[in-house]
>>> print(open('input.cif').read())   # mmCIF, C-alpha atoms and all ligand atoms
data_run
loop_
_atom_site.label_atom_id
_atom_site.label_comp_id
_atom_site.auth_asym_id
_atom_site.auth_seq_id
_atom_site.Cartn_x
_atom_site.Cartn_y
_atom_site.Cartn_z
CA MET A 1 0.00 0.00 0.00
CA SER A 2 1.43 3.41 -0.90
CA LYS A 3 2.14 5.81 1.94
CA LYS A 4 0.18 8.98 2.69
CA GLN A 5 1.77 11.96 0.98
CA VAL A 6 2.43 15.26 2.75
CA ARG A 7 2.51 18.04 0.18
CA ILE A 8 5.08 20.73 0.93
CA GLY A 9 4.89 24.39 -0.16
CA MET A 10 8.16 26.23 0.42
CA VAL A 11 8.55 30.03 0.53
CA GLY A 12 12.05 31.20 -0.53
CA TYR A 13 14.58 29.13 -2.40
CA LYS A 14 18.15 30.21 -1.72
CA PHE A 15 20.52 28.95 1.03
CA MET A 16 17.99 27.32 3.33
CA GLY A 17 15.72 26.59 0.39
CA LYS A 18 18.44 24.35 -1.00
CA ALA A 19 19.08 22.68 2.37
CA HIS A 20 15.37 21.97 2.97
CA SER A 21 14.65 20.84 -0.62
CA HIS A 22 17.50 18.36 -0.43
CA ALA A 23 16.35 17.09 2.96
CA PHE A 24 12.74 16.52 1.85
CA ARG A 25 13.99 14.60 -1.18
CA ASP A 26 16.24 12.39 0.92
CA ILE A 27 13.70 11.47 3.64
CA PRO A 28 12.04 8.57 1.76
CA PHE A 29 15.45 7.41 0.55
CA PHE A 30 16.95 6.95 4.02
CA PHE A 31 13.96 6.71 6.41
CA ASP A 32 10.87 4.55 6.59
CA THR A 33 8.47 7.26 7.80
CA GLU A 34 4.70 6.69 7.96
CA VAL A 35 4.09 9.66 5.66
CA VAL A 36 6.31 10.92 2.84
CA PRO A 37 6.95 14.51 1.77
CA VAL A 38 6.16 15.58 -1.77
CA LEU A 39 7.84 18.67 -3.24
CA GLN A 40 4.59 20.24 -4.41
CA ALA A 41 5.35 23.95 -4.94
CA ILE A 42 7.76 26.76 -4.14
CA ALA A 43 7.15 30.50 -4.00
CA GLY A 44 9.46 33.38 -4.89
CA ARG A 45 8.98 36.88 -6.19
CA ASP A 46 11.06 36.65 -9.35
CA GLU A 47 9.33 34.40 -11.90
CA GLN A 48 12.44 33.38 -13.80
CA GLY A 49 14.38 32.70 -10.59
CA VAL A 50 11.64 30.67 -8.94
CA LYS A 51 10.96 28.68 -12.12
CA GLN A 52 14.64 27.78 -12.48
CA ALA A 53 14.87 26.88 -8.78
CA ALA A 54 11.76 24.66 -9.04
CA GLU A 55 13.30 22.78 -11.96
CA LYS A 56 16.74 22.41 -10.40
CA MET A 57 15.54 21.35 -6.96
CA GLY A 58 12.74 19.08 -8.15
CA TRP A 59 9.56 21.01 -7.22
CA ALA A 60 6.42 20.18 -9.21
CA SER A 61 5.20 23.78 -9.53
CA TYR A 62 5.85 27.37 -8.49
CA GLU A 63 4.05 30.57 -7.47
CA THR A 64 5.25 34.18 -7.54
CA ASP A 65 3.36 35.18 -4.38
CA TRP A 66 3.51 33.16 -1.13
CA ARG A 67 -0.15 34.05 -0.44
CA ARG A 68 -1.17 31.97 -3.45
CA LEU A 69 0.78 29.03 -2.02
CA ILE A 70 -1.20 29.28 1.21
CA GLU A 71 -4.52 29.45 -0.68
CA ARG A 72 -3.82 26.24 -2.56
CA ASP A 73 -5.73 23.23 -1.23
CA ASP A 74 -3.07 20.83 -2.53
CA ILE A 75 -0.54 22.07 0.06
CA ASP A 76 -0.36 20.55 3.58
CA VAL A 77 2.82 22.16 4.97
CA ILE A 78 4.25 25.65 4.58
CA ASP A 79 8.04 25.73 4.87
CA ILE A 80 9.33 29.26 5.61
CA VAL A 81 12.92 29.82 4.41
CA THR A 82 12.74 33.57 3.85
CA PRO A 83 14.38 36.43 5.81
CA ASN A 84 13.30 36.92 9.41
CA ASN A 85 10.94 39.88 8.87
CA THR A 86 8.64 37.68 6.75
CA HIS A 87 8.29 34.75 9.18
CA ALA A 88 5.42 36.08 11.31
CA GLU A 89 3.15 37.21 8.48
CA ILE A 90 3.61 34.00 6.50
CA ALA A 91 3.30 31.69 9.53
CA ILE A 92 0.17 33.36 10.91
CA ALA A 93 -1.53 33.29 7.48
CA ALA A 94 -0.49 29.64 7.01
CA ALA A 95 -1.84 28.67 10.44
CA LYS A 96 -5.16 30.38 9.74
CA ALA A 97 -5.39 28.35 6.52
CA GLY A 98 -4.83 25.15 8.54
CA LYS A 99 -1.36 24.40 7.15
CA HIS A 100 1.34 22.71 9.21
CA ILE A 101 4.44 24.91 9.48
CA ILE A 102 8.20 24.50 9.57
CA CYS A 103 9.87 27.89 10.05
CA GLU A 104 13.52 28.88 9.93
CA LYS A 105 15.18 30.52 12.93
CA PRO A 106 15.02 32.98 14.57
CA LEU A 107 11.26 32.58 14.81
CA ALA A 108 10.54 36.31 14.60
CA LEU A 109 11.92 39.84 14.91
CA THR A 110 10.78 40.26 18.52
CA LEU A 111 9.52 38.22 21.46
CA GLU A 112 6.04 39.76 21.11
CA GLN A 113 5.87 38.74 17.46
CA SER A 114 7.04 35.19 18.24
CA LEU A 115 4.27 34.88 20.85
CA GLU A 116 1.69 35.92 18.26
CA MET A 117 3.00 33.14 16.03
CA LEU A 118 2.77 30.59 18.84
CA ASP A 119 -0.76 31.74 19.61
CA ALA A 120 -1.75 31.35 15.93
CA VAL A 121 -0.45 27.77 15.58
CA LYS A 122 -2.01 26.73 18.90
CA LYS A 123 -5.42 28.17 17.95
CA ALA A 124 -5.25 26.49 14.55
CA GLY A 125 -4.12 23.14 16.01
CA VAL A 126 -1.50 22.66 13.30
CA VAL A 127 1.86 20.91 13.65
CA HIS A 128 4.73 23.38 14.00
CA MET A 129 8.53 23.24 14.20
CA ILE A 130 11.45 25.69 14.13
CA CYS A 131 14.58 24.73 12.21
CA HIS A 132 17.28 24.50 14.87
CA ASN A 133 19.03 21.81 12.87
CA TYR A 134 22.26 21.47 14.88
CA ARG A 135 20.37 19.55 17.57
CA PHE A 136 19.99 16.82 14.99
CA ALA A 137 23.65 15.99 14.50
CA PRO A 138 23.86 12.42 15.85
CA ALA A 139 26.75 13.45 18.13
CA VAL A 140 24.62 16.21 19.70
CA GLN A 141 21.69 13.82 20.16
CA PHE A 142 24.09 11.34 21.77
CA ALA A 143 25.38 14.10 24.07
CA LYS A 144 21.77 14.70 25.10
CA GLN A 145 21.34 10.97 25.88
CA LEU A 146 24.49 10.93 28.04
CA ILE A 147 23.33 13.99 29.99
CA ALA A 148 19.79 12.60 30.41
CA GLN A 149 21.22 9.30 31.69
CA GLY A 150 23.15 11.26 34.32
CA ARG A 151 26.55 10.17 32.94
CA LEU A 152 27.92 13.68 33.50
CA GLY A 153 26.09 14.15 36.82
CA LYS A 154 25.01 17.64 37.81
CA ILE A 155 25.87 20.15 35.07
CA TYR A 156 28.01 23.10 36.16
CA HIS A 157 29.16 24.80 32.96
CA ILE A 158 28.48 25.31 29.30
CA ARG A 159 30.75 27.46 27.14
CA ALA A 160 29.59 27.81 23.59
CA THR A 161 30.76 29.77 20.58
CA PHE A 162 29.62 30.37 17.03
CA LEU A 163 32.57 32.04 15.34
CA GLN A 164 32.67 33.22 11.73
CA ASP A 165 34.84 35.59 9.69
CA TRP A 166 33.02 36.27 6.40
CA LEU A 167 32.03 39.84 7.32
CA MET A 168 35.48 41.24 8.11
CA ASP A 169 36.10 42.95 4.75
CA PRO A 170 34.91 46.59 5.21
CA ASP A 171 33.69 46.51 1.57
CA PHE A 172 31.44 43.48 2.17
CA PRO A 173 27.94 44.71 1.23
CA LEU A 174 25.01 45.65 3.45
CA ILE A 175 23.03 42.40 3.02
CA TRP A 176 19.63 41.79 4.68
CA ARG A 177 21.32 40.16 7.70
CA LEU A 178 22.84 43.58 8.59
CA LYS A 179 19.53 45.49 8.60
CA LYS A 180 17.59 45.39 11.86
CA GLN A 181 14.24 45.93 10.14
CA ILE A 182 14.70 42.67 8.22
CA SER A 183 16.82 40.55 10.56
CA GLY A 184 15.73 41.70 14.05
CA SER A 185 19.30 41.49 15.28
CA GLY A 186 22.70 40.70 13.78
CA THR A 187 25.08 37.97 14.80
CA LEU A 188 23.07 37.40 17.98
CA GLY A 189 19.85 36.26 16.26
CA ASP A 190 21.55 34.68 13.28
CA ILE A 191 24.13 32.39 14.87
CA GLY A 192 23.80 33.18 18.59
CA ALA A 193 20.28 31.72 18.36
CA HIS A 194 21.77 28.34 17.42
CA ILE A 195 24.04 28.10 20.47
CA ILE A 196 21.19 29.29 22.69
CA ASP A 197 19.11 26.42 21.30
CA LEU A 198 21.90 23.90 21.90
CA ALA A 199 22.23 25.15 25.48
CA ARG A 200 18.46 24.91 26.09
CA PHE A 201 18.45 21.40 24.57
CA LEU A 202 21.42 20.09 26.54
CA VAL A 203 21.53 22.07 29.79
CA GLY A 204 18.06 23.54 30.40
CA GLU A 205 16.20 26.83 30.61
CA PHE A 206 18.03 30.15 30.93
CA SER A 207 17.41 32.09 34.11
CA GLU A 208 19.25 35.39 33.50
CA VAL A 209 21.80 36.93 31.16
CA VAL A 210 24.20 39.87 30.91
CA GLY A 211 25.78 40.77 27.59
CA MET A 212 27.86 43.05 25.42
CA MET A 213 27.71 43.79 21.71
CA GLU A 214 29.72 45.64 19.13
CA THR A 215 29.29 46.80 15.55
CA PHE A 216 32.85 47.09 14.31
CA ILE A 217 32.04 48.40 10.82
CA LYS A 218 29.15 50.84 10.82
CA LYS A 219 28.67 51.66 7.12
CA ARG A 220 28.76 49.33 4.11
CA PRO A 221 28.10 49.53 0.35
CA LEU A 222 24.71 48.28 -0.85
CA GLY A 223 24.64 44.80 -2.39
CA ASP A 224 23.88 41.12 -1.90
CA MET A 225 25.70 37.83 -1.27
CA ASP A 226 25.52 34.27 -2.57
CA ILE A 227 25.07 31.06 -0.56
CA HIS A 228 28.86 30.72 -0.25
CA LEU A 229 28.85 33.98 1.77
CA LYS A 230 30.60 35.84 -1.06
CA GLY A 231 29.52 39.50 -1.23
CA ARG A 232 28.55 41.41 -4.40
CA VAL A 233 28.53 45.23 -4.26
CA GLU A 234 25.66 46.48 -6.45
CA SER A 235 25.69 50.25 -5.95
CA ASP A 236 27.96 53.16 -5.14
CA LYS A 237 25.57 54.06 -2.32
CA TRP A 238 26.38 53.12 1.29
CA GLY A 239 24.06 52.35 4.20
CA GLU A 240 24.25 52.04 7.96
CA VAL A 241 24.74 48.73 9.79
CA ASP A 242 22.26 48.85 12.69
CA VAL A 243 22.85 45.36 14.16
CA ASP A 244 25.66 43.68 16.10
CA ASP A 245 28.75 42.25 14.40
CA ALA A 246 29.65 40.43 17.62
CA THR A 247 27.83 39.57 20.85
CA ALA A 248 29.08 37.89 24.00
CA PHE A 249 27.06 37.12 27.11
CA LEU A 250 27.11 35.33 30.43
CA ALA A 251 24.15 33.26 31.60
CA ARG A 252 22.78 31.54 34.65
CA PHE A 253 20.51 28.55 34.13
CA GLU A 254 17.48 27.58 36.22
CA ASN A 255 19.32 24.41 37.33
CA GLY A 256 22.25 26.45 38.66
CA ALA A 257 24.64 25.93 35.73
CA LEU A 258 26.72 28.83 34.39
CA GLY A 259 27.07 29.66 30.68
CA VAL A 260 29.56 31.67 28.62
CA PHE A 261 28.49 32.45 25.03
CA GLU A 262 30.14 34.21 22.10
CA ALA A 263 28.79 34.81 18.58
CA THR A 264 30.85 36.81 16.10
CA ARG A 265 31.54 37.27 12.40
CA PHE A 266 34.90 38.89 13.16
CA SER A 267 36.85 35.87 14.29
CA ARG A 268 39.54 35.52 11.61
CA GLY A 269 40.13 31.96 10.46
CA ASN A 270 36.90 30.60 11.93
CA ARG A 271 34.41 29.72 9.20
CA ALA A 272 31.66 28.07 11.27
CA GLY A 273 33.09 27.61 14.75
CA ASN A 274 29.90 26.27 16.31
CA ARG A 275 31.38 24.58 19.38
CA PHE A 276 30.48 23.80 22.96
CA GLU A 277 31.96 22.21 26.05
CA ILE A 278 29.76 21.07 28.93
CA ASN A 279 31.23 20.17 32.33
CA GLY A 280 29.36 18.10 34.90
CA GLU A 281 30.35 16.67 38.28
CA ARG A 282 31.25 13.26 36.75
CA GLY A 283 32.24 14.11 33.20
CA SER A 284 32.53 16.52 30.31
CA ILE A 285 31.63 16.61 26.62
CA ARG A 286 32.91 18.69 23.71
CA TRP A 287 31.48 19.15 20.21
CA ASP A 288 32.63 21.10 17.16
CA MET A 289 30.36 21.49 14.13
CA GLU A 290 33.32 21.50 11.73
CA ASN A 291 34.04 17.96 12.94
CA MET A 292 30.40 17.16 13.59
CA ASN A 293 30.44 13.34 13.63
CA ASN A 294 32.72 13.30 16.66
CA LEU A 295 31.82 13.79 20.32
CA GLN A 296 34.61 14.11 22.85
CA VAL A 297 33.70 12.56 26.17
CA TYR A 298 35.53 12.53 29.50
CA LEU A 299 34.17 10.27 32.26
CA GLU A 300 35.54 10.60 35.78
CA ASP A 301 34.55 6.96 36.46
CA ASP A 302 37.27 5.73 34.07
CA GLU A 303 40.23 3.96 35.65
CA ARG A 304 42.85 6.39 36.93
CA GLY A 305 45.75 6.63 34.53
CA LEU A 306 43.41 5.92 31.61
CA GLN A 307 41.32 9.03 32.20
CA GLY A 308 41.15 11.55 29.39
CA PHE A 309 38.85 12.82 26.64
CA ARG A 310 37.98 10.01 24.22
CA THR A 311 36.76 10.79 20.70
CA ILE A 312 33.59 8.92 19.77
CA ASN A 313 32.74 8.84 16.09
CA CYS A 314 28.94 8.85 16.37
CA THR A 315 28.27 6.69 13.32
CA GLU A 316 27.55 3.37 15.08
CA VAL A 317 24.03 1.86 14.97
CA GLU A 318 23.78 2.70 18.69
CA HIS A 319 23.94 6.44 17.89
CA PRO A 320 20.76 8.44 17.19
CA TYR A 321 19.79 8.55 13.47
CA ALA A 322 23.07 6.86 12.45
CA SER A 323 21.52 3.54 11.46
CA ALA A 324 19.53 5.28 8.70
CA TYR A 325 22.72 6.06 6.84
CA TRP A 326 26.00 4.19 6.33
CA PRO A 327 28.19 1.57 8.05
CA ALA A 328 30.13 2.81 11.11
CA GLY A 329 32.90 5.26 10.32
CA HIS A 330 31.24 6.37 7.07
CA ILE A 331 30.53 9.91 8.11
CA ILE A 332 27.56 12.19 7.39
CA GLY A 333 27.44 15.99 7.02
CA TYR A 334 25.65 19.32 7.51
CA GLU A 335 22.76 18.42 5.19
CA HIS A 336 21.87 15.36 7.29
CA THR A 337 20.97 17.57 10.26
CA PHE A 338 18.09 18.94 8.16
CA ILE A 339 17.02 15.47 7.03
CA ASN A 340 16.86 14.26 10.65
CA LEU A 341 14.87 17.33 11.76
CA LEU A 342 12.36 17.04 8.92
CA VAL A 343 11.94 13.30 9.62
CA GLU A 344 10.65 14.37 13.05
CA MET A 345 8.30 16.82 11.32
CA MET A 346 6.90 13.92 9.24
CA ASN A 347 6.49 11.81 12.40
CA GLY A 348 4.66 14.71 14.06
CA ILE A 349 2.30 15.12 11.12
CA ALA A 350 1.62 11.37 10.98
CA ASN A 351 0.79 11.23 14.69
CA GLY A 352 -0.66 14.69 15.39
CA TYR A 353 1.93 16.39 17.61
CA SER A 354 4.51 19.16 17.25
CA PRO A 355 8.00 17.68 17.76
CA VAL A 356 10.70 19.70 19.47
CA PRO A 357 12.06 22.18 18.67
CA ASN A 358 8.72 23.83 17.92
CA PHE A 359 7.31 27.36 18.15
CA GLU A 360 7.40 27.20 21.95
CA ASP A 361 11.16 26.62 21.71
CA GLY A 362 11.27 29.48 19.21
CA VAL A 363 9.56 31.78 21.73
CA ARG A 364 11.88 30.73 24.58
CA ASN A 365 14.89 31.28 22.32
CA GLN A 366 13.53 34.68 21.32
CA ALA A 367 13.15 35.57 25.01
CA VAL A 368 16.87 34.89 25.55
CA LEU A 369 17.76 36.99 22.48
CA GLU A 370 15.62 39.84 23.78
CA ALA A 371 17.03 39.52 27.30
CA VAL A 372 20.59 39.80 25.94
CA GLU A 373 19.66 42.92 23.94
CA ARG A 374 17.97 44.55 26.94
CA SER A 375 20.95 43.74 29.10
CA VAL A 376 23.27 45.39 26.56
CA GLN A 377 21.04 48.51 26.61
CA THR A 378 20.84 48.73 30.40
CA GLY A 379 24.22 47.29 31.37
CA LYS A 380 22.42 45.02 33.85
CA TRP A 381 21.48 41.35 34.28
CA VAL A 382 18.03 40.59 32.76
CA LYS A 383 15.82 37.74 33.97
CA VAL A 384 14.46 35.69 31.07
CA SER A 385 11.39 34.44 32.99
CA GLU A 386 10.35 38.01 33.89
CA LEU A 387 10.53 38.95 30.23
CA LEU A 388 8.28 36.03 29.32
CA GLN A 389 5.84 36.84 32.13
CA SER A 390 5.68 40.53 31.18
CA THR A 391 4.23 39.70 27.78
CA GLN A 392 0.47 39.55 27.26
CA LEU A 393 0.47 36.04 25.84
CA GLN A 394 1.52 33.00 27.85
CA VAL A 395 3.84 30.30 26.53
CA ASN A 396 1.95 27.51 28.26
N1 LIG A 401 19.10 26.66 10.19
C1 LIG A 401 20.21 27.23 9.74
O1 LIG A 401 21.32 26.74 9.95
C2 LIG A 401 20.11 28.49 8.92
C3 LIG A 401 21.18 28.87 8.08
C4 LIG A 401 21.01 30.02 7.29
C5 LIG A 401 19.83 30.75 7.36
N2 LIG A 401 18.84 30.38 8.21
C6 LIG A 401 17.58 31.15 8.28
O2 LIG A 401 16.83 30.85 7.09
C7 LIG A 401 16.12 32.01 6.65
C8 LIG A 401 16.54 32.31 5.22
O3 LIG A 401 17.94 32.54 5.19
P1 LIG A 401 18.81 32.22 3.89
O4 LIG A 401 20.23 32.21 4.31
O5 LIG A 401 18.26 31.05 3.17
O6 LIG A 401 18.52 33.55 3.07
P2 LIG A 401 18.77 33.81 1.54
O7 LIG A 401 18.95 35.28 1.41
O8 LIG A 401 19.80 32.87 0.99
O9 LIG A 401 17.36 33.38 0.90
C9 LIG A 401 16.17 34.06 1.19
C10 LIG A 401 15.11 33.69 0.18
O10 LIG A 401 13.89 34.34 0.54
C11 LIG A 401 13.37 35.02 -0.61
N3 LIG A 401 12.52 36.12 -0.17
C12 LIG A 401 12.87 37.21 0.51
N4 LIG A 401 11.76 37.95 0.79
C13 LIG A 401 10.71 37.28 0.28
C14 LIG A 401 9.32 37.52 0.22
N5 LIG A 401 8.77 38.61 0.74
N6 LIG A 401 8.52 36.60 -0.41
C15 LIG A 401 9.07 35.50 -0.96
N7 LIG A 401 10.39 35.22 -0.93
C16 LIG A 401 11.18 36.10 -0.33
C17 LIG A 401 14.61 35.40 -1.39
O11 LIG A 401 14.30 35.73 -2.73
C18 LIG A 401 15.43 34.13 -1.23
O12 LIG A 401 14.96 33.12 -2.12
C19 LIG A 401 16.47 33.12 7.64
O13 LIG A 401 15.44 33.20 8.61
C20 LIG A 401 17.75 32.65 8.29
O14 LIG A 401 17.92 33.15 9.61
C21 LIG A 401 18.97 29.26 8.97
#
>>> encode(input="input.cif", output="structure tokens")
Amino acid sequence: MSKKQVRIGMVGYKFMGKAHSHAFRDIPFFFDTEVVPVLQAIAGRDEQGVKQAAEKMGWASYETDWRRLIERDDIDVIDIVTPNNTHAEIAIAAAKAGKHIICEKPLALTLEQSLEMLDAVKKAGVVHMICHNYRFAPAVQFAKQLIAQGRLGKIYHIRATFLQDWLMDPDFPLIWRLKKQISGSGTLGDIGAHIIDLARFLVGEFSEVVGMMETFIKKRPLGDMDIHLKGRVESDKWGEVDVDDATAFLARFENGALGVFEATRFSRGNRAGNRFEINGERGSIRWDMENMNNLQVYLEDDERGLQGFRTINCTEVEHPYASAYWPAGHIIGYEHTFINLLVEMMNGIANGYSPVPNFEDGVRNQAVLEAVERSVQTGKWVKVSELLQSTQLQVN
């Protein structure tokens, strides 16, 4: 008997559009899910561009307005892979039309807006997820298992970084990620949001934060960039950068752990230094996205003299998601994190629940982002729970 099809409608088709298209195509190849995604339609504003993208990435049809995609009754899921300022409008309209939603991070421009999105999906009763894909590296999922089993004991520390260097050229153009109106924040919301999600996933909820931010280069020429982060100046006009180039912050967690976080695009030599170390009373773990199959684990219970960080290549059948792919030692990559996440989305749709991370995680992440920004403005610690409570809408 053929499986039930879940018809996807994707808005946007560049960097994340490519990652999501590939992942949807690979799900039935690697996984035996109850329902299978079908690449039904994509939407983009430029007809020639969207038509070409549909052909190249294997979509059956295209639209030049995302609203038309939402109106179509042959679409079950709206996948939002557009800049941050569009997420709320598209997600709320999609929820009202009864579509399930997968939305890229950060969920919204502000905490208030993210709460409106959560409210909309809850009222509509649709399945919703946010694309924090790094959780879905098998090594990160295995780290979560070790922590949940108590192998590290009580957690004392997390130190996490997301370090990049593609923005250091002063002539790199003023792309949408550098405009607050479109992006909400700079490095903080773009890559800081990912390490906040990893910390929430592995350590727990944030209690309070204190941060600092800097914009090192305040004016840039107008232009765009490609998916390889190569800039293209398109005008002799210049505009103002009104978001952070770098953000660092300290955090306390509700369970008493301490966190040190740094997100920057001015860290020469670091292309995607998404790394964390977690220290507990009985052990420690380390992960580095640029070497993402490996988890380094130290266990205090090891025999003295043999103690030390061991490197576990998380490709064995015992490791989460690994058995869907290749024999042990045959590594997987960045794109597989999206496949694993969207497999969970298919499981959620088949069984009527919203897998984590969902819009509630998006709201909690947004609360941390907003707390860091407020702390930078006031120079004081900001309590994340008070921020959430001060909003009109409730998370739970
Ligand atoms: N999960 C991750 O690791 C990850 C990585 C990169 C980006 N992102 C997120 O994904 C989203 C998209 O980022 P990207 O890097 O793919 O951006 P991008 O600039 O490469 O692509 C954006 C796409 O959206 C389209 N678009 C813009 N405004 C639109 C509108 N009003 N209607 C229809 N289409 C519109 C553009 O034409 C383009 O196709 C952002 O929210 C970003 O934060 C997530």
>>> atom_distance(input="input.cif", atom1="atom CA of A:Ile102", atom2="atom CA of A:Met129")
4.8 Å
>>> atom_distance(input="input.cif", atom1="atom CA of A:Ile227", atom2="atom O9 of ligand LIG 401 (chain A)")
8.2 Å
>>> closest_residue(input="input.cif", among="A:Lys154, A:His330, A:Lys105, A:Lys96", to="ligand LIG 401 (chain A)", atoms="only C-alpha atoms and all ligand atoms")
A:Lys105
>>> residues_around(input="input.cif", residues="A:Ala324", least_positions_apart="5", cutoff="9 Å", atoms="only C-alpha atoms", output="ChimeraX atom specification")
/A:30-32,317
>>> atom_distance(input="input.cif", atom1="atom CA of A:Asp165", atom2="atom CA of A:Ile278")
24.6 Å
>>> residues_around(input="input.cif", residues="stretch 180-191 of chain A", least_positions_apart="5", cutoff="7 Å", atoms="all atoms listed in the file", output="ChimeraX atom specification")
/A:83-85,106,109-110,162,242-247,263-265,369
